[in-house]
Amino acid sequence: MSSSFGALFRVTTWGESHGGGVGAVVDGCPARIPLTAEDIQVDLDRRRPGQSEIVTQRAEEDKCQILSGIFEGLTLGTPISLMVWNKDARPEAYREVETAFRPSHADYTYQAKYGIRNWQGGGRSSARETIGRVAAAAIAKKVLRKCLPEFEIVAYVKSVHRIEASVDPSEVKFTAVEESIIRCPDPDAAARMIDLIKTMRKEGNSVGGVIECVVRGVPPGLGEPVFDKLDADLAKAMLSLPATKGFDIGSGFAGTQLTGAEHNDVFEMRDGRVRTRTNFSGGIQGGISNGENIFFRVAFKPTATILRPQETVTTSGEPTELAVRGRHDPCVLPRAVPMVEAMAALVLCDHFLRQRAQSLT
């Protein structure tokens, strides 16, 4: 099972949802980057369960421990090991899925691939695995902010089910996103989204939606021209997150409804450097950043776990009905916002270090 991501800034995550704990090892972080556990904790707190009434009520503090790679508050350039202990694991709540496959979960596919699976909360397929990604990305953000003073990532909930927010990605602020428990900076849309999620929870149902993300302050030149295109790596990163079903960058699918004359981003000189008058490309052309804002969208399906009886089959192939218990998100989007930011940071940090390694200027 591949649990590593990145070329120069390489992250390996480990652990299971209802095991002893989860974490990550970061290899390739430059030396002398100021880093404390508190720096990492900020993003883990945004990802953790139990933070509001519209997410799972699993009671986890998700406190991060740095086990290696730091000395006197600075990175050493050696592997950084990060640990988060599970405190509120309840594996007994999943006993019914030991012998039955949950609809739209990874139960069957893991069994088909490995011939064995951890049925306690889904094991590695649980979104709890993303703790390691978010913790590692906090380090990536520190590297990028030290090297790129204008660097900034802001992700937010763009839509839930059929409710869509009106947000300008070029102007949206992190503080506006964090003002709402749904992490949507459009107050009217946010209120309706929250009401819908509460209704879904009462009905034992779930909903999905779209997260939009904008990255500012990325210099031109990041990315590779063929297989490791920056947008291709972003797509892979986002679609590696649990519950994702789509990736759309710049004009995306909507761009297919424009002509070339309408869609082309015209170049001009502005503030002493090459800029584009529009940004249908989403900040990436030919797989390489062009210095404009990078913005994209990620589609998340409705949470697969719903508190309703569903038809399925057992591990021996017999039809059965399964009523799942446990604590689950009726909508994954509020907690997925920092996950999307994390994967963007990991991709961009890796490509920044790759560009610095091959450039003499």
# chains A, B, ... in the order shown; residues from 1 in each chain; ligands from 1
>>> residues_around(residues="range 1-8 of chain A", least_positions_apart="2", cutoff="9 Å", atoms="only C-alpha atoms", output="compact mmCIF listing (two decimals) with N, CA and C atoms, in the first residue's frame")
# COMPACT_ATOMS: atom_id res chain seq x y z
N ARG A 10 8.81 14.94 0.99
CA ARG A 10 8.12 13.65 0.93
C ARG A 10 7.45 13.34 2.26
N VAL A 11 6.18 12.97 2.18
CA VAL A 11 5.37 12.72 3.37
C VAL A 11 4.87 11.28 3.34
N THR A 12 5.04 10.59 4.46
CA THR A 12 4.48 9.26 4.63
C THR A 12 3.54 9.28 5.83
N THR A 13 2.29 8.92 5.63
CA THR A 13 1.33 8.87 6.74
C THR A 13 1.17 7.43 7.19
N TRP A 14 0.72 7.26 8.43
CA TRP A 14 0.55 5.92 8.99
C TRP A 14 -0.55 5.94 10.05
N ASP A 27 10.07 13.91 5.24
CA ASP A 27 11.49 13.83 4.86
C ASP A 27 11.74 14.85 3.74
N GLY A 28 12.81 15.60 3.86
CA GLY A 28 13.15 16.58 2.84
C GLY A 28 12.84 18.01 3.22
N CYS A 29 12.40 18.23 4.46
CA CYS A 29 12.17 19.61 4.90
C CYS A 29 13.51 20.31 5.05
N ALA A 237 -3.41 15.02 -5.90
CA ALA A 237 -3.44 15.28 -4.46
C ALA A 237 -4.87 15.40 -3.95
N LEU A 346 1.29 20.83 0.25
CA LEU A 346 2.27 19.77 0.02
C LEU A 346 2.76 19.76 -1.42
N VAL A 347 1.83 19.89 -2.37
CA VAL A 347 2.20 19.92 -3.78
C VAL A 347 3.10 21.12 -4.09
N CYS A 349 4.90 23.05 -2.05
CA CYS A 349 6.20 23.01 -1.39
C CYS A 349 7.14 22.07 -2.12
N ASP A 350 6.63 20.91 -2.51
CA ASP A 350 7.45 19.94 -3.25
C ASP A 350 7.94 20.54 -4.57
N HIS A 351 7.04 21.19 -5.31
CA HIS A 351 7.44 21.77 -6.59
C HIS A 351 8.34 22.98 -6.41
N LEU A 353 10.63 23.31 -4.03
CA LEU A 353 11.96 22.76 -3.76
C LEU A 353 12.56 22.12 -5.01
N ARG A 354 11.73 21.50 -5.84
CA ARG A 354 12.22 20.92 -7.09
C ARG A 354 12.72 22.00 -8.04
>>> residues_around(residues="Val337 in chain A", least_positions_apart="6", cutoff="9 Å", atoms="only C-alpha atoms", output="list in words")
Arg46, Arg47, Val154, Ala155, Tyr156, Val157, Arg183, Ile211, Glu212 and Cys213 of chain A
>>> closest_residue(among="A:Val97, A:Ala135, A:Ile288, A:Leu76", to="Pro30 in chain A", atoms="only C-alpha atoms")
A:Leu76
>>> atom_distance(atom1="CA of Gly132 in chain A", atom2="CA of Ala24 in chain A")
4.6 Å
>>> closest_residue(among="A:Asp195, A:Ala190, A:Asp88, A:Glu129", to="Ala176 in chain A", atoms="only C-alpha atoms")
A:Ala190
>>> closest_residue(among="A:Pro34, A:Gly246, A:Pro49, A:Gly272", to="Gly73 in chain A", atoms="only C-alpha atoms")
A:Pro34
>>> closest_residue(among="A:Ser206, A:Phe280, A:Leu82, A:Asp265", to="Ala137 in chain A", atoms="only C-alpha atoms")
A:Leu82
>>> closest_residue(among="A:Phe9, A:Leu333, A:Cys184, A:Glu268", to="Ala140 in chain A", atoms="only C-alpha atoms")
A:Phe9
>>> closest_residue(among="A:Cys147, A:Val298, A:Pro309, A:Pro319", to="Phe352 in chain A", atoms="only C-alpha atoms")
A:Cys147
>>> residues_around(residues="Glu164 in chain A", least_positions_apart="6", cutoff="10 Å", atoms="only C-alpha atoms", output="list in words")
Val157, Lys158, Cys184, Asp186, Ala189, Ala190, Arg192, Met193, Gly209 and Val210 of chain A
